[in-house]
Each structure stands twice: as C-alpha cells, then as structure tokens.
Amino acid sequence: MRISYGRQSISDADVDAVVRVLRSDFLTQGPAVPAFEAAVASTVGARHAVACNSATSALHIACLALDVGPGDRVWTSPNSFVASANCARYCGAEVDFVDIDPLTYNISTEILSAKLEQADRDGRLPKVLIPVHFAGQSCDMAEIGRLAAQYGIRIIEDASHAIGGTCRDKAVGGCAYSDIVVFSFHPVKIVTTAEGGMAVTNDPDLARRLTDLRSHGITRDPARLQRSDEGAWYYEQQSLGFNYRLTDIQAALGVSQMERLAQWVPARNALAARYDAALGHLPLRLPHVATDVLSAFHLYVVQIGDAKVDRRTVFDALRQRGIGVNVHYIPIHLQPDYAALGFAPGQFPNAEAYYARAISLPMHVELSDDDFEFVVQSLEEILR
Ligand SMILES: *Cc1c(COP(=O)(O)O)cnc(C)c1O
C-alpha cells in the first residue's frame, strides 16, 4: 500500500537517541527504561509506571497484579484487539463482553449498568472490567468508576489508543477511576518503541507487584529479602513472573518520541477535523467525539451509510488505489477461538452492526496534503 492507515514518525533525534544507547554500556536494564517510565508517568499524571515489552504483556501482568485467576470473570469490549480479552484467559479467568455505544463505539455504560445488575443477582459479578478507549476517545470513566465502586469491581483501562488524550481536562492515564492504565507503543499507535507497552498506577503496592511480575518475580530490594546476609550477588524469586522487560534501545526511542506527543495529538485532531469537513457531504457516518473529551485520534473510522455500495466494495476499491485502509475491529467474540468458548453471532449486536460498516482511513502525522486529498477524492468517486 502506498498510503498506510497508521505509521510511525521517526526523527533524526529519535535515531540519535537509539544510537547513543547502542554505543553505551547498557542495551537493557540501564537508565533509559526508568527515564521512559518517568516521562510517561509525568505526562499522564500517574505516580508509578512499569514499562513492558508490549501492551499485551502489560495487560497480562495487570490482571495478575489484581489477583485475576481461575474462577474469576473479566469483562471487556468486543470492539477491541484480541489482547484486551486474552489477558484474562492467560490467567485462567473467564471472559465476557459489554456491548458498545453506537455513537462512541466504546462500551455502553447503560448496557454495563444493566449487565452488572443482572450479574449481581446471579452472583456472577466480574472481578475486573477492562474498558478500551476506542480510537483514542476516553470512555466515560467517571460513570464506569461509579459503577465499579458500587459493585466492588477493579478497573484496568486499555488505553493502547489513547496516550495524550484527555477527559474533562484530565489526561488519560491519571488512574482517577481505575487501578491500572495500560498503553501500547506498537508502531501504528501514537508513540512507538517498535514493540512496547506500559502499565501505570497510583498504588505503590500494585506498582511493586507489576515490577516483580515483569522480571521473573525476582527482587533485589534488601528491605524485602527473606534471607538478608547472603552477599551482594543475592536475589530472591518471591513469586512466579516473566521476562516482559523493554530494552533500553526501545526506551530511548520512547523518551525521544514522548517529546513530540504534545504536537502529535493536536496534529491528529487537526487531520480529523479536515476529514470531517471534507467528507461531511458523503453517505458516511463520521466519528463522534464527546464534548468533554479530547481524543488522541489513533484511528479515524467512518461507517458506510446509505451508499449504493457496501463496505467490502469501498474497502477493496480504496486498497486498489494503494490506500491502506483497515477495519477495527472484528468483534472479539466472533473469532473462532472465542466461538470455541461458546460465543456466537448476535450476542453483541451493536459491535457487530458497527463492524459490518466500519473502515479506518489513513490517520497519522506524516500523511501528506496530496495523500489526504487523494483519499478524499477516491472516496467521492467510489461512493458517487
Ligand atoms: C495494540 C493494542 C493492544 C496490544 O498492544 P501490543 O503492544 O501490540 O501488545 C491491546 N489493546 C488494544 C486496544 C490495542 O489496540
């Protein structure tokens, strides 16, 4: 595809930052990872940050840190990448979904409220809810937080799309209504480390558990060792963890990228506004952003409206022209591996109806004016 739907923006400063690490003493477990964690924590207003080698691994250890295990239930959005649900299954928990709001494509708080009421009656409340800030637009976290408090549920925000976004002037990641917030740094996301993710929290105990789980469950903290006088080499594995560490090479890229986040979110919003203005006359449903939300605009999704052509035709025609459109998301419950767990079409009708009409248009900070015009002109021709 000549034009991609999303891609990284790499500056000379990014390249220099990575090369400096390559010439330094530490390729991993050096100073760049803590620097990246500090940069993200201060930007999003969280007290603690734990960098991981992907958002998927961050979601996994976030579930473990909240004691998700066999017999527990975890709910998330069907309109997400599979990782939002798989993290619970890694822990042996059962997954269920909350259907989406047809306007924002985030989980519907009305459906959530009704489903919680029913689950409470049935004695089947989830231990954890994982709301996903779809396309970069924050969910209504105040309402979700209120319901979570009412029913005693823990919250992990999957903010893979949403770094740099705000809700009621509060940065996504501040954990005001959640236990842990997770970001992704895959190259199609807003800030990249090639592969990478981060879990942020305001709870020092959760931060410690996340840090342990990221690195084999091992600690060297003298204050926590069970046997203290063994020698300077000594460490203890106190729980079963993983190697989910980010490298310093990646973290240096992340630090350098974070310096441009404050430019990128307005640039993405400006591109979204240009699409809004240019596509308003076409039979498309354009993104709806709630008035009190600043979307990070990871994705710009249109739904094919009452056009004479269907989504598949529009999609194929755009791809034919070298425009790398995509579809986000195939509802998770329709994946064969989820059908095998008993999920079936029709269970989450809003997510399914949305999926049938959705196309993600190119949305990234390096999209040229010519390419933007070409996308708009192509849509006009195809939908005419
Ligand atoms: C990309 C993404 C993930 C997984 O991120 P990785 O860093 O690739 O593991 C999880 N959830 C959502 C919503 C995503 O978009």
# chains A, B, ... in the order shown; residues from 1 in each chain; ligands from 1
call {"tool": "select_by_dssp", "arguments": {"residues": "region 38-104 of chain A", "states": "helix (DSSP H, G or I)", "output": "MDAnalysis selection string"}}
result
chainID A and resid 38:44 55:65 83:90
call {"tool": "write_last_selection", "arguments": {"atoms": "N, CA and C atoms", "output": "compact mmCIF listing (two decimals), in the first residue's frame"}}
result
# COMPACT_ATOMS: atom_id res chain seq x y z
N ALA A 38 9.48 7.47 33.71
CA ALA A 38 9.27 8.78 34.34
C ALA A 38 8.60 9.74 33.36
N ALA A 39 9.00 9.68 32.10
CA ALA A 39 8.42 10.59 31.10
C ALA A 39 6.94 10.31 30.91
N VAL A 40 6.58 9.03 30.82
CA VAL A 40 5.16 8.69 30.62
C VAL A 40 4.37 9.02 31.89
N ALA A 41 4.91 8.63 33.06
CA ALA A 41 4.19 8.87 34.33
C ALA A 41 3.90 10.37 34.49
N SER A 42 4.89 11.22 34.23
CA SER A 42 4.65 12.65 34.45
C SER A 42 3.69 13.20 33.40
N THR A 43 3.77 12.72 32.16
CA THR A 43 2.87 13.22 31.12
C THR A 43 1.42 12.85 31.41
N VAL A 44 1.18 11.62 31.86
CA VAL A 44 -0.21 11.18 32.04
C VAL A 44 -0.70 11.42 33.48
N ALA A 55 1.98 -4.01 25.12
CA ALA A 55 0.77 -3.76 25.91
C ALA A 55 0.13 -5.09 26.30
N THR A 56 0.28 -6.09 25.46
CA THR A 56 -0.28 -7.41 25.76
C THR A 56 0.31 -7.95 27.06
N SER A 57 1.65 -7.86 27.21
CA SER A 57 2.26 -8.35 28.45
C SER A 57 1.89 -7.44 29.63
N ALA A 58 1.76 -6.14 29.37
CA ALA A 58 1.34 -5.24 30.45
C ALA A 58 -0.07 -5.58 30.93
N LEU A 59 -0.97 -5.90 29.98
CA LEU A 59 -2.34 -6.30 30.35
C LEU A 59 -2.31 -7.61 31.15
N HIS A 60 -1.45 -8.53 30.74
CA HIS A 60 -1.35 -9.82 31.43
C HIS A 60 -0.95 -9.61 32.89
N ILE A 61 0.15 -8.85 33.11
CA ILE A 61 0.59 -8.70 34.50
C ILE A 61 -0.31 -7.75 35.28
N ALA A 62 -1.04 -6.88 34.57
CA ALA A 62 -2.03 -6.04 35.27
C ALA A 62 -3.12 -6.94 35.85
N CYS A 63 -3.58 -7.91 35.06
CA CYS A 63 -4.59 -8.86 35.58
C CYS A 63 -4.03 -9.64 36.77
N LEU A 64 -2.80 -10.12 36.63
CA LEU A 64 -2.20 -10.91 37.72
C LEU A 64 -2.02 -10.06 38.98
N ALA A 65 -1.63 -8.80 38.78
CA ALA A 65 -1.43 -7.92 39.94
C ALA A 65 -2.75 -7.71 40.70
N ALA A 83 -6.11 -8.79 22.32
CA ALA A 83 -5.28 -8.76 23.54
C ALA A 83 -6.06 -8.27 24.76
N SER A 84 -7.08 -7.40 24.52
CA SER A 84 -7.87 -6.87 25.65
C SER A 84 -8.60 -7.98 26.39
N ALA A 85 -8.92 -9.05 25.70
CA ALA A 85 -9.64 -10.18 26.31
C ALA A 85 -8.69 -11.33 26.65
N ASN A 86 -7.69 -11.56 25.80
CA ASN A 86 -6.79 -12.70 26.01
C ASN A 86 -6.07 -12.63 27.35
N CYS A 87 -5.78 -11.40 27.83
CA CYS A 87 -5.02 -11.24 29.07
C CYS A 87 -5.70 -11.97 30.23
N ALA A 88 -7.03 -11.95 30.23
CA ALA A 88 -7.75 -12.63 31.32
C ALA A 88 -7.62 -14.14 31.18
N ARG A 89 -7.66 -14.60 29.93
CA ARG A 89 -7.58 -16.05 29.70
C ARG A 89 -6.19 -16.59 30.07
N TYR A 90 -5.14 -15.77 29.86
CA TYR A 90 -3.79 -16.20 30.30
C TYR A 90 -3.79 -16.54 31.78
call {"tool": "residues_around", "arguments": {"residues": "Ile180 (chain A)", "least_positions_apart": "2", "cutoff": "7 Å", "atoms": "only C-alpha atoms", "output": "short mmCIF file (atom, residue, chain, number, x, y, z; two decimals) with N, CA and C atoms, in the first residue's frame"}}
result
data_model
loop_
_atom_site.label_atom_id
_atom_site.label_comp_id
_atom_site.auth_asym_id
_atom_site.auth_seq_id
_atom_site.Cartn_x
_atom_site.Cartn_y
_atom_site.Cartn_z
N ALA A 62 -1.04 -6.88 34.57
CA ALA A 62 -2.03 -6.04 35.27
C ALA A 62 -3.12 -6.94 35.85
N ILE A 155 -10.64 -1.99 38.00
CA ILE A 155 -10.63 -1.47 36.62
C ILE A 155 -9.21 -1.40 36.06
N ILE A 156 -9.02 -1.98 34.89
CA ILE A 156 -7.80 -1.78 34.09
C ILE A 156 -8.24 -1.07 32.82
N GLU A 157 -7.77 0.15 32.60
CA GLU A 157 -8.10 0.84 31.35
C GLU A 157 -7.13 0.36 30.26
N CYS A 175 -5.41 7.50 36.31
CA CYS A 175 -5.94 6.46 37.22
C CYS A 175 -6.93 7.01 38.24
N SER A 178 -9.51 4.20 38.10
CA SER A 178 -9.06 2.84 37.76
C SER A 178 -7.85 2.47 38.61
N VAL A 182 -3.12 0.90 30.87
CA VAL A 182 -2.11 0.29 30.00
C VAL A 182 -2.03 1.05 28.68
N ALA A 199 2.35 -0.13 31.95
CA ALA A 199 1.26 -0.12 32.92
C ALA A 199 1.54 0.98 33.91
N VAL A 200 0.57 1.88 34.13
CA VAL A 200 0.75 2.94 35.12
C VAL A 200 -0.30 2.77 36.22
N THR A 201 0.05 3.21 37.41
CA THR A 201 -0.85 3.09 38.56
C THR A 201 -0.48 4.13 39.60
#
call {"tool": "residues_near_ligand", "arguments": {"ligand": "ligand 1", "cutoff": "9 Å", "atoms": "only C-alpha atoms and all ligand atoms", "output": "VMD selection string"}}
result
chain A and resid 52 to 59 79 to 85 132 to 135 158 to 161 182 to 189 194 to 198 298 328
call {"tool": "atom_distance", "arguments": {"atom1": "CA of Gln263 (chain A)", "atom2": "CA of Glu373 (chain A)"}}
result
22.2 Å
call {"tool": "residues_around", "arguments": {"residues": "Pro70 (chain A)", "least_positions_apart": "6", "cutoff": "7 Å", "atoms": "only C-alpha atoms", "output": "list in words"}}
result
Cys91, Gly92 and Ala93 of chain A
call {"tool": "atom_distance", "arguments": {"atom1": "CA of Gly45 (chain A)", "atom2": "CA of Gly136 (chain A)"}}
result
17.2 Å
call {"tool": "residues_around", "arguments": {"residues": "region 212-227 of chain A", "least_positions_apart": "4", "cutoff": "7 Å", "atoms": "only C-alpha atoms", "output": "MDAnalysis selection string"}}
result
chainID A and resid 52 61 208 235:245
call {"tool": "decode", "arguments": {"residues": "region 302-314 of chain A", "atoms": "all heavy atoms", "output": "compact mmCIF listing (two decimals), in the first residue's frame"}}
result
# COMPACT_ATOMS: atom_id res chain seq x y z
N VAL A 302 -14.71 5.65 9.64
CA VAL A 302 -16.00 6.03 9.06
C VAL A 302 -16.85 4.77 8.92
O VAL A 302 -16.33 3.68 8.77
CB VAL A 302 -15.85 6.72 7.68
CG1 VAL A 302 -15.07 8.03 7.82
CG2 VAL A 302 -15.18 5.79 6.66
N GLN A 303 -18.16 4.96 9.01
CA GLN A 303 -19.08 3.86 8.72
C GLN A 303 -19.79 4.17 7.41
O GLN A 303 -20.26 5.31 7.21
CB GLN A 303 -20.12 3.71 9.83
CG GLN A 303 -19.58 3.01 11.05
CD GLN A 303 -20.69 2.79 12.06
OE1 GLN A 303 -20.99 3.64 12.87
NE2 GLN A 303 -21.33 1.63 11.98
N ILE A 304 -19.83 3.18 6.55
CA ILE A 304 -20.52 3.35 5.28
C ILE A 304 -22.01 3.46 5.58
O ILE A 304 -22.60 2.57 6.20
CB ILE A 304 -20.27 2.14 4.34
CG1 ILE A 304 -18.76 1.86 4.22
CG2 ILE A 304 -20.90 2.39 2.97
CD1 ILE A 304 -17.93 3.00 3.72
N GLY A 305 -22.62 4.58 5.18
CA GLY A 305 -24.02 4.82 5.48
C GLY A 305 -24.91 4.22 4.41
O GLY A 305 -24.75 3.05 4.04
N ASP A 306 -25.82 5.04 3.90
CA ASP A 306 -26.79 4.52 2.93
C ASP A 306 -26.26 4.62 1.50
O ASP A 306 -26.96 5.02 0.59
CB ASP A 306 -28.11 5.29 3.06
CG ASP A 306 -28.71 5.04 4.43
OD1 ASP A 306 -28.58 3.91 4.93
OD2 ASP A 306 -29.28 5.98 5.01
N ALA A 307 -24.99 4.28 1.33
CA ALA A 307 -24.41 4.33 -0.02
C ALA A 307 -24.94 3.16 -0.85
O ALA A 307 -25.46 2.19 -0.31
CB ALA A 307 -22.89 4.25 0.07
N LYS A 308 -24.79 3.29 -2.15
CA LYS A 308 -25.23 2.21 -3.04
C LYS A 308 -24.21 1.08 -3.05
O LYS A 308 -24.47 0.00 -3.57
CB LYS A 308 -25.45 2.76 -4.45
CG LYS A 308 -26.65 3.70 -4.49
CD LYS A 308 -26.83 4.36 -5.86
CE LYS A 308 -27.91 5.42 -5.78
NZ LYS A 308 -27.47 6.56 -4.91
N VAL A 309 -23.05 1.36 -2.46
CA VAL A 309 -22.01 0.34 -2.40
C VAL A 309 -21.81 -0.10 -0.95
O VAL A 309 -22.03 0.68 -0.03
CB VAL A 309 -20.68 0.87 -2.98
CG1 VAL A 309 -20.70 0.86 -4.49
CG2 VAL A 309 -20.39 2.27 -2.46
N ASP A 310 -21.39 -1.35 -0.78
CA ASP A 310 -21.22 -1.82 0.60
C ASP A 310 -19.77 -1.64 1.07
O ASP A 310 -18.90 -1.19 0.32
CB ASP A 310 -21.69 -3.27 0.74
CG ASP A 310 -20.85 -4.22 -0.10
OD1 ASP A 310 -19.84 -3.77 -0.70
OD2 ASP A 310 -21.20 -5.40 -0.16
N ARG A 311 -19.54 -1.98 2.31
CA ARG A 311 -18.23 -1.76 2.93
C ARG A 311 -17.14 -2.48 2.16
O ARG A 311 -16.08 -1.93 1.89
CB ARG A 311 -18.26 -2.19 4.39
CG ARG A 311 -17.07 -1.75 5.22
CD ARG A 311 -15.94 -2.77 5.24
NE ARG A 311 -16.35 -4.05 5.71
CZ ARG A 311 -16.41 -4.39 7.01
NH1 ARG A 311 -16.09 -3.53 7.94
NH2 ARG A 311 -16.79 -5.61 7.35
N ARG A 312 -17.39 -3.75 1.82
CA ARG A 312 -16.37 -4.54 1.13
C ARG A 312 -15.96 -3.89 -0.19
O ARG A 312 -14.77 -3.82 -0.52
CB ARG A 312 -16.92 -5.96 0.89
CG ARG A 312 -16.02 -6.88 0.08
CD ARG A 312 -14.80 -7.28 0.90
NE ARG A 312 -13.85 -8.02 0.08
CZ ARG A 312 -13.88 -9.35 -0.07
NH1 ARG A 312 -14.79 -10.07 0.55
NH2 ARG A 312 -12.99 -9.95 -0.83
N THR A 313 -16.94 -3.38 -0.93
CA THR A 313 -16.66 -2.74 -2.22
C THR A 313 -15.82 -1.48 -2.03
O THR A 313 -14.84 -1.25 -2.74
CB THR A 313 -18.00 -2.38 -2.92
OG1 THR A 313 -18.81 -3.56 -2.95
CG2 THR A 313 -17.77 -1.89 -4.34
N VAL A 314 -16.21 -0.66 -1.05
CA VAL A 314 -15.47 0.58 -0.77
C VAL A 314 -14.05 0.25 -0.32
O VAL A 314 -13.07 0.83 -0.79
CB VAL A 314 -16.20 1.42 0.31
CG1 VAL A 314 -15.42 2.68 0.63
CG2 VAL A 314 -17.61 1.75 -0.15
